[in-house]
Each structure stands twice: as structure tokens, then as C-alpha cells.
Amino acid sequence: MRILLVEDEHDLLKAVKRFLEDENYAVDVATDGEEGLTKALMWNYDLVVLDIMLPKLDGLTVLKEIRRKKRTPVLLLTARDALKDRVTGLDIGADDYLVKPFELDELSARIRALIRRSVGIANPNVEIGEIVIDLSAKQVRKAGVPVSLTAMEYSLVEFLALRRGKLVSRSDLYDHLFDEHDDSLSNLLDVHVSNVRRKLGKELITTRRGQGYLIDD
Amino acid sequence: MIKSLRWRLQIWHAVILAVVLTLFGGYSYALQWESRMQQVDAELDRTARRVIYRLRFWAYSPEFPSRRPRSLSDSTPPGNNRGRPNVLPGSAAANPGEAKSTAASLVNAAIARSPRGAVPALNGQAAPAGRNKNPAPSAENAGDSRSNEGRWRPDNLSDGDGRRGSRRNARPDFPPDTTWKYNGIRVTEDMWNVPEDETTSPLYFAIWNSQGELLQKSEAAPVISYPGLHRPSADSEQRRSQPEITRIQDGRREVVYAVVAGWTGIEHNVVVGRSITDEMAAQQRFLLLLIGAGSMILVVGMLGGGWLTSRAIQPITVMSRTAASISATNLHARIDVRDTDTELGQLGTVLNQTFDRLQSAFEQQVRFTADASHELRTPVSILLAQTQMALSKPRSDEDYREALDSCRRAALRMKSLTESLLSLARFDTADVATEQTPVELHSLIDDAVDLLQPVSAEHGVAVSASGGPCTVMGDANQLSQLLMNLISNAIRYNRPRGRVDVRLQREDANAVIAIQDTGMGIAPGDLPHLFERFYRIDKARSRAAGGSGLGLSIARAIVESHGGEIAVESELDVGTTVTVTLPCSPSTA
């Protein structure tokens, strides 16, 4: 899952980015409105965390621009507790909001819920045969036994599981699983896929040669 | 309750009403009594005059019948002299003194000529005055005009002119007196004024000589002690007519005269009186009536006054209810002021203005609090996020150090913010006593420029200070804070390789500090708001630059507490000039 974090407070940005990375997200950052808008339009993020008070272009304007072209879920961060700000934010297309100061646990829970809903899944446990993916605990169990996966392996499984029955191209996977600073070496993805197959069973991920990967229904 | 305006008004109203009613009632009572007494006195006086007349007349010597009338011409009816020669000697024989007998004979002579002497009702007794009415109608029936004249009644005199004239000529002056009850003065009962109506109390009289011997008194007269009245005056005119004493004794009204009886020079005291118990009873009834009417007026007045008071006070009740409804959560209520010309309308207007000011002050306070808390939110978010991130799992030393660094920066930001808020709050409470010491502005400016050297170097801005020495009275710390604030603003919002000029000048009695930068300038729309708390032109930019949005507010507060002025001129993309004008100290002026 790849997230764009737009926040002008450097210290806050660092802490949140670090925390989300620990939660297995690929995190891109932007420190002003213009940069945030550019990145949000350039990449297909799974979620945008957007501060309202931003230099150059304020968060609400960025949100409006994003909504003209994309359906990316947006979570607003606001320092103002005013009802008007929250209503305006939600009305122009935000999916959720969080008032500063906030707890990081709450932020990550809201991010999980938003991503789940954006792909049309309400149940935090995704079952594929005998494999159960616990989206909140970020854990995979095979026949009730927890399977140890690396962060990247889990992200791969999660991403494909959330798009069950749909073909996911390699470039999509690169877009969503790696942040902008990762070296997207093509063979790296293949390594992760084979590792997952080794741990969870060959038949879980189907390869369509030249097109991509999918998890069947 | 008693202290409420309504009750005080009511009480005052009652007191004033009661006083007015009492005064008015007392005055009416006195007037009524006076008028009654005047009536009684007039009655008594008429009778007394007759008695006195007789007394005087009696004192004439029979030896000088022809001479007397001349000297008495002003007070004696003109017909007197005609009767005098016809004195009946026999009737005077019983008199002990010569003078007395003379008088009696004169009287009898007059009576003898009068037809009144034939009226039987008057004969033989000193009948009560009330009964003496009988002769009058009978005499009038007889058609003799002269018969009336002896009665000396004012109503008879008010007849036609012709008749009166003829009466005067024929007047015998004395009613018939066939019954000499006393050997002394021989004043007959029918001589005094006969009351018209039966209910009036009878008159009485008493006459004493100068030795205090009671010469004569009427039957109805009570026991009266000798008044012992003496007239020192030798004026004969006065002696005759003026009552000496008018008195009220035991329910009787009496007039006392001291009369010199004719030429004898013997002073007599005459008392004429009558009971005034009827009048007193009537007066008492009148008093009761007054009290009753007064109480009624008081009650009606109090009710009316109460109604008026509650009408007058009603707007106050409404106003206080409205004022009471105004609270922190409801500052919008206003007193309904319809008539601004009335006192209450003016009060309402003034109160509304106060509420307006309160509301704006309160809203400003609310906004200020919201802004302040908003300013605190960001560093608190950083603290929370950093600590949570650091504690979420074991991290490297480097990570911890970085997190702690972030926390420290956040804490420092909060510290500076709270300090700014505190200093503003100090200026808000007007009793901040600005220390008044001579402050050398030029050295303060130099210090500030020196202190800001690292900042200016960082931004690549050249700062220059110019101007001669100038001293103002004030607080050196505050003025230093002011200069640091303004110069650092000029440095921060400058462009790279820009300039900041700080000039100090004397203009009249003022020290003028101009801080000019070559920054991006301020849009005209932002200028009016510059000194508002937490106002930021580019919110995120100034925050990144470390500003709290309070610097200029504090600067203005400092300048104003020194009695100075601060102004900003700016042109976009050219630069901004902040001008501070401070009054110079008198010693250097």
C-alpha cells in the first residue's frame, strides 16, 4: 500500500512517515500543497493524508484538484476543531478527517479502514481457501497457523487479496508497493512472489505471463 | 423588598400625598373655623355695639339734652335729639344714680314715642332673644315704617333708598323698654341681635363697672368673672368701638369691651357672648369629613400612584430580564429600545452599546483563545507523534536522538508561544506599570542589530543602522524586544541579498525609528490586519519561519504603552517600512 503524506511540519512529517513505514506502508511525502498535488496526480496512491494548512496551496484546494481527476481516498488532517472546516472538507470530497493533535494508532486504523473500503471490502479478515489475511493485525494464517511473512511479502499478498479476481500488472505492483525512493528492480518483485508461493502455497498467486499476477476467487 | 425602587417611590408618594393632604385639610379646617367664628363674632359684635351704645347713652346727663347730640353726631342716629326733651320723669325715679336715671329717662322717652312700646310680647320680662322675633312681623304688619327701625337689623336697612332715608329721619333708636329688670344699665333683652333661627344658641351679656361690680347681666348668661379690662388709650373714638378681647371660654365665644360710659368717664366692662357648642360640633363633623375625604384621596392616590409606578418601572423589569439573559453563550440579546428620548430609552441604548462592546471583546477573546489553542496544536501533535513513533518499537540511538530533538523543538515553540501570550496578557491588563528610565535608543538599536547578526547572515541580508543619539523614557527590556521583533521581521521577510535600514531621527519632541526592508512587501488588503493577533499573511510560511503571529501585536502593545505610535507602509515587491514614533524624554528634548 502506498500512501502520500502531505504535511509542512517537518518534525511531524518525519514521525508519521516513520510510523506508517513500520506499518508496512510505502510512504511518499510532500511538504507543500503544490508538491502534494503534483505527486497525488502523478501516482496512483492507495491513500492521501492531507494537512489543510499548507504553504503555497492549501489542503482544501489540493483536495478539490485531486477530486477532479482521481478517486483516491483522502484523509484530512486539520488543526482547527471548527465544525465548518470539517464539514467543508468532507463536502468537497474528503473521506475522513483527523484533528490535530492525533494519536498515530488512530491514524493508522483510519488509514486501514479507508483502504479496505476503497476496494469494497468491509470485513477486516479476508479468507482465501484455508488462508486468512487479518488486515488489522497485518497477519496471514494458513489453516489457523500464523505464517511469518516479510513486510514486502505481506504487502504483496494484501494488495492482491484486496483485488481478488482482478489482474494486477507488474507496474501497478511497483506503484503501490514501493515508495518513490525505492529502486524498482524488476527481478525483486519476482523474488517476493516466489517467497510468498513458498510460504503460502503455489496455487495462491497465479501468474499471467506478460500481464501480471492475480489471486483467484 | 422595601429598598426596591417601586416601594421607595410608593413610600415617597404616600408621604408627599399625606403631607399635602394634611396641610390642605388643616388649612381648610382653620379657614372653616375662622369663618364660623367670624359669623359668631359679627353677631356678638352687633349686639355688643348696641349694649355699648346704650351704655354710653345712659351716661348722658339730662341737664344737657340739647348739647349732647352735637358731640355724638357721628355715632348717634340723627333722630335722637328729637326724643330727648320728652323725658318721662317718672320712669327715671327708681334709678339710684343721677346719671343712670338720666339715661333711663332718655331711653324711656324714646320708647314712649315708638309704637314698639305697645307690642305686648316685649313687656314685662327679659325674654330670651330667640323669642323676640315676634314683634318684628307684627310691627311690620302694622304698616308703620318707623317701628322697624328700633330693631336695628341690617336686613331692614337693605331696603330701598327712599325708605332708608325716611327711616333715618324718624328713627327713635331704642326699642321700647317697659321692663327694667335691673336698676342699673337697663339694657333690654330685645336690644341685642335676635338670632334668625331657633337653633342658634342665645346670646348673653354682662356689664361691670370699673370696681368689678356686676351691674347687669342677661338671664342666659353664665357666671362670668369680671374681665378687669382697662383701656389706657384716651382716644375716644377708639374707646367706643374696638372689642378688646375676643375669647373662647368653656365652649362660649365672648367679646369683652372696655367702655367709658359717656361723659362720666367711668370705665365699664361689657361681655357679650354665646355658646358655640353647635359650631364646635359642626367643626368636629367637618374634621371627620376632612379625615374621611383625605383618607379616600390617599387611598385612591396610592392606588393610582402604584399603577403609575408599575407602569414606569415595567421597562426596567424588561430591561433587567433581557440583561439577565445575556450570558457568555448568548451575547446577541439586546434591550428593545423603542423611545430613545426617554431616560429609560437612553439607559437601554447605553446598555446596548455596552453589550456590543462586551460582545466584541468576548468574541475577540474567544477567537484569541481559539487561535492560541490552534497554535499549540501543532507542537503538541509533533510531541505526540514523535513520542509515539519512538516508543512503538525498539529503535536505534540515532532514532531516539532525532525524536528527542523534534520534541525539544516543539517544546521550545510552545515556550515562545506561551511567553508571547503572557506578555500580551500583561499588556491587556492595563495596570502594567511601564518602567520609566532613560533609554538610549541608538545603543538599543546597535545591540539588536548585533544580536540578530546570525539571523541576518543566515538569510544573507545586510543590516545597517544610522542616526544620532536619542534618549526616551521607557522600559529598556520592552523597547529592546520591540526592536528585535521588528528588525528580525525585516530580515526574515526579506529576499536573499536584501537590505534592512534602521534609521533613528528626532522629529520635534519625538524619536522616530524607521525600519525599511527590501522584501516582497505586504498586499494592501493585509495591511489593516497586520497588528491583529495571529494574523499571518502566508500562514504556513511564517510558521515555518518560526513566527507565532503575535510579534506585531506585541510590538504595538509595547509602543502604545510608551505613548507612541506604530505605522506600516508597504509596496509589493519593493519593500516595507515600519515607523515607530516614541515621545522623547523631556531632559533631552
# chains A, B, ... in the order shown; residues from 1 in each chain; ligands from 1

call {"tool": "interface_residues", "arguments": {"of": "chain A", "to": "chain B", "cutoff": "9 Å", "atoms": "only C-alpha atoms", "output": "ChimeraX atom specification"}}
result
/A:8-16,18-19,32,53-56,79-81,100-105

call {"tool": "residues_around", "arguments": {"residues": "range 37-41 of chain A", "least_positions_apart": "5", "cutoff": "10 Å", "atoms": "only C-alpha atoms", "output": "PDB file with C-alpha atoms, in the first residue's frame"}}
result
ATOM      1  CA  ILE A   3       0.430   6.459   0.864  1.00  0.00           C
ATOM      2  CA  LEU A   4       1.131  10.121   0.122  1.00  0.00           C
ATOM      3  CA  LEU A   5       1.669  12.233   3.218  1.00  0.00           C
ATOM      4  CA  VAL A   6       1.339  15.990   2.703  1.00  0.00           C
ATOM      5  CA  ASP A  28       5.778   9.344  -0.123  1.00  0.00           C
ATOM      6  CA  VAL A  29       5.953  12.791   1.414  1.00  0.00           C
ATOM      7  CA  ALA A  30       5.287  16.328   0.224  1.00  0.00           C
ATOM      8  CA  ASP A  32       3.681  21.934   0.451  1.00  0.00           C
ATOM      9  CA  LEU A  47      -4.463   6.952   0.177  1.00  0.00           C
ATOM     10  CA  VAL A  48      -3.529  10.592   0.628  1.00  0.00           C
ATOM     11  CA  LEU A  50      -3.507  15.782   3.598  1.00  0.00           C
ATOM     12  CA  LEU A  57      -1.630  25.772  -1.897  1.00  0.00           C
ATOM     13  CA  GLY A  59      -5.136  21.441   1.606  1.00  0.00           C
ATOM     14  CA  THR A  61      -7.657  23.408  -2.829  1.00  0.00           C
ATOM     15  CA  VAL A  62      -5.373  20.394  -3.308  1.00  0.00           C
ATOM     16  CA  LEU A  63      -8.274  18.113  -2.411  1.00  0.00           C
ATOM     17  CA  LYS A  64     -10.557  19.834  -4.908  1.00  0.00           C
ATOM     18  CA  GLU A  65      -7.979  19.412  -7.655  1.00  0.00           C
ATOM     19  CA  ILE A  66      -7.402  15.753  -6.805  1.00  0.00           C
ATOM     20  CA  ARG A  67     -11.144  15.065  -6.891  1.00  0.00           C
ATOM     21  CA  LYS A  69      -9.281  13.636 -11.692  1.00  0.00           C
ATOM     22  CA  LYS A  70      -8.985  10.872  -9.125  1.00  0.00           C
ATOM     23  CA  THR A  72      -8.006   8.273  -4.316  1.00  0.00           C
ATOM     24  CA  GLU A 180       9.372   6.855  -4.747  1.00  0.00           C
TER      25      GLU A 180
END

call {"tool": "residues_around", "arguments": {"residues": "range 511-516 of chain B", "least_positions_apart": "6", "cutoff": "7 Å", "atoms": "only C-alpha atoms", "output": "JSON, numbers by chain"}}
result
{"B": [470, 487, 500, 501, 502, 503, 504, 505, 576, 577, 578, 579, 580, 581, 582, 583, 584]}

call {"tool": "residues_around", "arguments": {"residues": "range 195-203 of chain A", "least_positions_apart": "3", "cutoff": "8 Å", "atoms": "only C-alpha atoms", "output": "list in words"}}
result
Ile131, Lys142, Val147, Leu149, Glu153, Val157, Val191, His192 and Thr206 of chain A

call {"tool": "residues_around", "arguments": {"residues": "Leu177 in chain A", "least_positions_apart": "6", "cutoff": "9 Å", "atoms": "only C-alpha atoms", "output": "ChimeraX atom specification"}}
result
/A:1-2,25-26,152,155-156,159

call {"tool": "write_last_selection", "arguments": {"atoms": "N, CA and C atoms", "output": "mmCIF file, in the first residue's frame"}}
result
data_model
loop_
_atom_site.group_PDB
_atom_site.id
_atom_site.type_symbol
_atom_site.label_atom_id
_atom_site.label_comp_id
_atom_site.auth_asym_id
_atom_site.auth_seq_id
_atom_site.Cartn_x
_atom_site.Cartn_y
_atom_site.Cartn_z
ATOM 1 N N MET A 1 0.853 -1.196 0.000
ATOM 2 C CA MET A 1 0.000 0.000 0.000
ATOM 3 C C MET A 1 0.880 1.234 0.000
ATOM 4 N N ARG A 2 0.549 2.110 -0.876
ATOM 5 C CA ARG A 2 1.379 3.308 -0.972
ATOM 6 C C ARG A 2 0.557 4.521 -0.565
ATOM 7 N N TYR A 25 3.617 0.334 5.117
ATOM 8 C CA TYR A 25 3.145 1.155 4.004
ATOM 9 C C TYR A 25 4.354 1.731 3.297
ATOM 10 N N ALA A 26 4.182 1.879 2.001
ATOM 11 C CA ALA A 26 5.161 2.680 1.256
ATOM 12 C C ALA A 26 4.690 4.117 1.372
ATOM 13 N N MET A 152 7.325 -6.770 2.865
ATOM 14 C CA MET A 152 7.033 -6.674 1.442
ATOM 15 C C MET A 152 6.155 -7.837 0.997
ATOM 16 N N SER A 155 2.643 -7.169 2.145
ATOM 17 C CA SER A 155 2.039 -6.118 1.324
ATOM 18 C C SER A 155 1.602 -6.681 -0.024
ATOM 19 N N LEU A 156 2.404 -7.530 -0.589
ATOM 20 C CA LEU A 156 2.066 -8.139 -1.874
ATOM 21 C C LEU A 156 0.801 -8.970 -1.763
ATOM 22 N N PHE A 159 -2.192 -6.680 -1.102
ATOM 23 C CA PHE A 159 -2.600 -5.921 -2.277
ATOM 24 C C PHE A 159 -3.375 -6.789 -3.253
#

call {"tool": "select_by_dssp", "arguments": {"residues": "range 8-38 of chain A", "states": "strand (DSSP E or B)", "output": "ChimeraX atom specification"}}
result
/A:26-30

call {"tool": "residues_around", "arguments": {"residues": "Val49 in chain A", "least_positions_apart": "2", "cutoff": "6 Å", "atoms": "only C-alpha atoms", "output": "VMD selection string"}}
result
chain A and resid 5 74 to 76

call {"tool": "write_last_selection", "arguments": {"atoms": "N, CA and C atoms", "output": "PDB file, in the first residue's frame"}}
result
ATOM      1  N   LEU A   5       1.846  11.443   1.999  1.00  0.00           N
ATOM      2  CA  LEU A   5       1.669  12.233   3.218  1.00  0.00           C
ATOM      3  C   LEU A   5       2.061  13.672   2.912  1.00  0.00           C
ATOM      4  N   VAL A  74      -8.928  10.225   0.543  1.00  0.00           N
ATOM      5  CA  VAL A  74      -8.166  11.311   1.156  1.00  0.00           C
ATOM      6  C   VAL A  74      -8.560  11.451   2.625  1.00  0.00           C
ATOM      7  N   LEU A  75      -7.550  11.464   3.479  1.00  0.00           N
ATOM      8  CA  LEU A  75      -7.799  11.712   4.909  1.00  0.00           C
ATOM      9  C   LEU A  75      -7.230  13.081   5.242  1.00  0.00           C
ATOM     10  N   LEU A  76      -8.099  13.963   5.743  1.00  0.00           N
ATOM     11  CA  LEU A  76      -7.658  15.336   6.046  1.00  0.00           C
ATOM     12  C   LEU A  76      -7.121  15.411   7.471  1.00  0.00           C
TER      13      LEU A  76
END

call {"tool": "closest_residue", "arguments": {"among": "A:Asp216, A:Glu7, A:Asp46, A:Asp96", "to": "Gly129 in chain A", "atoms": "only C-alpha atoms"}}
result
A:Asp216

call {"tool": "residues_around", "arguments": {"residues": "Met484 in chain B", "least_positions_apart": "2", "cutoff": "9 Å", "atoms": "only C-alpha atoms", "output": "CSV table (one decimal) with C-alpha atoms, in the first residue's frame"}}
result
chain,number,residue,atom,x,y,z
B,445,ILE,CA,19.3,49.5,18.0
B,448,ALA,CA,19.6,44.5,18.4
B,449,VAL,CA,21.5,44.5,15.1
B,451,LEU,CA,22.2,40.1,18.4
B,452,LEU,CA,20.5,39.5,15.1
B,479,LEU,CA,11.9,48.5,23.8
B,480,SER,CA,14.7,46.0,23.1
B,481,GLN,CA,12.1,43.3,22.5
B,482,LEU,CA,10.3,45.7,20.2
B,486,LEU,CA,10.7,44.4,14.1
B,487,ILE,CA,14.3,44.0,12.8
B,488,SER,CA,14.1,40.2,12.7
B,489,ASN,CA,10.8,40.5,10.8

call {"tool": "atom_distance", "arguments": {"atom1": "CA of Arg499 in chain B", "atom2": "CA of Val461 in chain B"}}
result
5.5 Å

call {"tool": "select_by_dssp", "arguments": {"residues": "range 419-561 of chain B", "states": "alpha helix (DSSP H)", "output": "PDB file with C-alpha atoms, in the first residue's frame"}}
result
ATOM      1  CA  GLU B 419       5.737  33.735  26.559  1.00  0.00           C
ATOM      2  CA  SER B 420       4.226  35.831  23.790  1.00  0.00           C
ATOM      3  CA  LEU B 421       0.744  35.171  25.056  1.00  0.00           C
ATOM      4  CA  LEU B 422       1.796  36.035  28.561  1.00  0.00           C
ATOM      5  CA  SER B 423       3.382  39.320  27.583  1.00  0.00           C
ATOM      6  CA  LEU B 424       0.294  40.217  25.569  1.00  0.00           C
ATOM      7  CA  ALA B 425      -1.888  39.334  28.524  1.00  0.00           C
ATOM      8  CA  ARG B 426       0.260  41.626  30.657  1.00  0.00           C
ATOM      9  CA  PHE B 427      -0.320  44.471  28.245  1.00  0.00           C
ATOM     10  CA  ASP B 428      -4.014  43.660  28.207  1.00  0.00           C
ATOM     11  CA  LEU B 441      17.610  54.219  21.647  1.00  0.00           C
ATOM     12  CA  HIS B 442      20.656  54.319  19.417  1.00  0.00           C
ATOM     13  CA  SER B 443      22.576  51.859  21.590  1.00  0.00           C
ATOM     14  CA  LEU B 444      19.497  49.628  21.822  1.00  0.00           C
ATOM     15  CA  ILE B 445      19.347  49.539  18.028  1.00  0.00           C
ATOM     16  CA  ASP B 446      23.017  48.695  17.798  1.00  0.00           C
ATOM     17  CA  ASP B 447      22.575  45.893  20.324  1.00  0.00           C
ATOM     18  CA  ALA B 448      19.615  44.480  18.433  1.00  0.00           C
ATOM     19  CA  VAL B 449      21.478  44.521  15.140  1.00  0.00           C
ATOM     20  CA  ASP B 450      24.425  42.779  16.767  1.00  0.00           C
ATOM     21  CA  LEU B 451      22.227  40.149  18.364  1.00  0.00           C
ATOM     22  CA  GLN B 453      23.748  39.109  13.231  1.00  0.00           C
ATOM     23  CA  PRO B 454      23.485  35.294  12.955  1.00  0.00           C
ATOM     24  CA  VAL B 455      19.954  35.543  11.581  1.00  0.00           C
ATOM     25  CA  SER B 456      20.838  38.172   9.041  1.00  0.00           C
ATOM     26  CA  ALA B 457      23.863  36.201   7.994  1.00  0.00           C
ATOM     27  CA  GLU B 458      21.711  33.123   7.572  1.00  0.00           C
ATOM     28  CA  HIS B 459      19.266  34.990   5.338  1.00  0.00           C
ATOM     29  CA  ALA B 476      14.623  49.115  28.142  1.00  0.00           C
ATOM     30  CA  ASN B 477      13.654  45.438  28.050  1.00  0.00           C
ATOM     31  CA  GLN B 478      10.392  46.100  26.270  1.00  0.00           C
ATOM     32  CA  LEU B 479      11.934  48.501  23.805  1.00  0.00           C
ATOM     33  CA  SER B 480      14.696  46.027  23.083  1.00  0.00           C
ATOM     34  CA  GLN B 481      12.078  43.330  22.486  1.00  0.00           C
ATOM     35  CA  LEU B 482      10.262  45.711  20.167  1.00  0.00           C
ATOM     36  CA  LEU B 483      13.386  46.442  18.106  1.00  0.00           C
ATOM     37  CA  MET B 484      14.436  42.777  17.952  1.00  0.00           C
ATOM     38  CA  ASN B 485      10.950  41.889  16.819  1.00  0.00           C
ATOM     39  CA  LEU B 486      10.729  44.441  14.057  1.00  0.00           C
ATOM     40  CA  ILE B 487      14.295  44.028  12.777  1.00  0.00           C
ATOM     41  CA  SER B 488      14.071  40.244  12.740  1.00  0.00           C
ATOM     42  CA  ASN B 489      10.793  40.520  10.819  1.00  0.00           C
ATOM     43  CA  ALA B 490      12.521  42.763   8.319  1.00  0.00           C
ATOM     44  CA  ILE B 491      15.318  40.215   7.967  1.00  0.00           C
ATOM     45  CA  ARG B 492      13.089  37.143   7.729  1.00  0.00           C
ATOM     46  CA  LYS B 539       0.246  31.253   7.281  1.00  0.00           C
ATOM     47  CA  ALA B 540       2.454  28.286   6.611  1.00  0.00           C
ATOM     48  CA  ARG B 541       5.428  30.335   5.506  1.00  0.00           C
ATOM     49  CA  SER B 542       5.660  32.451   8.608  1.00  0.00           C
ATOM     50  CA  ARG B 543       5.141  29.430  10.771  1.00  0.00           C
ATOM     51  CA  ALA B 544       7.996  27.697   9.050  1.00  0.00           C
ATOM     52  CA  GLY B 551       5.063  39.599  17.120  1.00  0.00           C
ATOM     53  CA  LEU B 552       3.423  42.680  15.684  1.00  0.00           C
ATOM     54  CA  SER B 553       0.635  42.576  18.255  1.00  0.00           C
ATOM     55  CA  ILE B 554       3.244  42.653  20.981  1.00  0.00           C
ATOM     56  CA  ALA B 555       5.163  45.388  19.164  1.00  0.00           C
ATOM     57  CA  ARG B 556       2.099  47.562  19.011  1.00  0.00           C
ATOM     58  CA  ALA B 557       1.296  46.889  22.654  1.00  0.00           C
ATOM     59  CA  ILE B 558       4.813  47.953  23.653  1.00  0.00           C
ATOM     60  CA  VAL B 559       4.706  51.115  21.538  1.00  0.00           C
ATOM     61  CA  GLU B 560       1.298  52.089  22.881  1.00  0.00           C
ATOM     62  CA  SER B 561       2.327  51.514  26.457  1.00  0.00           C
TER      63      SER B 561
END

call {"tool": "decode", "arguments": {"residues": "range 41-63 of chain A", "atoms": "N, CA and C atoms", "output": "mmCIF file, in the first residue's frame"}}
result
data_model
loop_
_atom_site.group_PDB
_atom_site.id
_atom_site.type_symbol
_atom_site.label_atom_id
_atom_site.label_comp_id
_atom_site.auth_asym_id
_atom_site.auth_seq_id
_atom_site.Cartn_x
_atom_site.Cartn_y
_atom_site.Cartn_z
ATOM 1 N N LEU A 41 -1.398 13.490 -8.304
ATOM 2 C CA LEU A 41 -1.908 13.275 -9.650
ATOM 3 C C LEU A 41 -1.006 12.346 -10.453
ATOM 4 N N MET A 42 0.270 12.361 -10.102
ATOM 5 C CA MET A 42 1.231 11.578 -10.885
ATOM 6 C C MET A 42 1.127 10.088 -10.587
ATOM 7 N N TRP A 43 0.951 9.739 -9.339
ATOM 8 C CA TRP A 43 0.942 8.338 -8.939
ATOM 9 C C TRP A 43 -0.453 7.927 -8.513
ATOM 10 N N ASN A 44 -0.665 6.604 -8.562
ATOM 11 C CA ASN A 44 -1.932 6.084 -8.053
ATOM 12 C C ASN A 44 -1.739 5.631 -6.613
ATOM 13 N N TYR A 45 -1.949 6.573 -5.694
ATOM 14 C CA TYR A 45 -1.774 6.229 -4.281
ATOM 15 C C TYR A 45 -2.986 5.475 -3.782
ATOM 16 N N ASP A 46 -2.750 4.667 -2.787
ATOM 17 C CA ASP A 46 -3.892 4.000 -2.156
ATOM 18 C C ASP A 46 -4.605 4.950 -1.209
ATOM 19 N N LEU A 47 -3.847 5.985 -0.747
ATOM 20 C CA LEU A 47 -4.463 6.952 0.177
ATOM 21 C C LEU A 47 -3.590 8.203 0.232
ATOM 22 N N VAL A 48 -4.264 9.347 0.421
ATOM 23 C CA VAL A 48 -3.529 10.592 0.628
ATOM 24 C C VAL A 48 -3.879 11.134 2.011
ATOM 25 N N VAL A 49 -2.853 11.383 2.819
ATOM 26 C CA VAL A 49 -3.074 12.072 4.108
ATOM 27 C C VAL A 49 -2.693 13.523 3.881
ATOM 28 N N LEU A 50 -3.677 14.403 4.038
ATOM 29 C CA LEU A 50 -3.507 15.782 3.598
ATOM 30 C C LEU A 50 -3.743 16.757 4.753
ATOM 31 N N ASP A 51 -2.741 17.565 5.029
ATOM 32 C CA ASP A 51 -2.923 18.630 6.030
ATOM 33 C C ASP A 51 -3.678 19.778 5.362
ATOM 34 N N ILE A 52 -4.495 20.464 6.107
ATOM 35 C CA ILE A 52 -5.256 21.551 5.483
ATOM 36 C C ILE A 52 -4.401 22.799 5.332
ATOM 37 N N MET A 53 -3.671 23.154 6.411
ATOM 38 C CA MET A 53 -2.903 24.387 6.350
ATOM 39 C C MET A 53 -1.528 24.101 5.763
ATOM 40 N N LEU A 54 -1.393 24.480 4.514
ATOM 41 C CA LEU A 54 -0.153 24.166 3.785
ATOM 42 C C LEU A 54 0.360 25.422 3.089
ATOM 43 N N PRO A 55 1.658 25.538 2.941
ATOM 44 C CA PRO A 55 2.174 26.662 2.164
ATOM 45 C C PRO A 55 1.829 26.493 0.684
ATOM 46 N N LYS A 56 1.845 27.594 -0.010
ATOM 47 C CA LYS A 56 1.640 27.663 -1.462
ATOM 48 C C LYS A 56 0.215 27.327 -1.891
ATOM 49 N N LEU A 57 -0.283 26.164 -1.486
ATOM 50 C CA LEU A 57 -1.630 25.772 -1.897
ATOM 51 C C LEU A 57 -2.251 25.085 -0.676
ATOM 52 N N ASP A 58 -3.387 25.556 -0.261
ATOM 53 C CA ASP A 58 -3.893 24.949 0.967
ATOM 54 C C ASP A 58 -4.550 23.614 0.687
ATOM 55 N N GLY A 59 -4.687 22.821 1.721
ATOM 56 C CA GLY A 59 -5.136 21.441 1.606
ATOM 57 C C GLY A 59 -6.465 21.302 0.911
ATOM 58 N N LEU A 60 -7.403 22.209 1.183
ATOM 59 C CA LEU A 60 -8.731 22.086 0.582
ATOM 60 C C LEU A 60 -8.653 22.281 -0.933
ATOM 61 N N THR A 61 -7.817 23.210 -1.387
ATOM 62 C CA THR A 61 -7.657 23.408 -2.829
ATOM 63 C C THR A 61 -7.039 22.167 -3.468
ATOM 64 N N VAL A 62 -6.005 21.608 -2.804
ATOM 65 C CA VAL A 62 -5.373 20.394 -3.308
ATOM 66 C C VAL A 62 -6.415 19.291 -3.437
ATOM 67 N N LEU A 63 -7.239 19.149 -2.404
ATOM 68 C CA LEU A 63 -8.274 18.113 -2.411
ATOM 69 C C LEU A 63 -9.224 18.308 -3.587
#
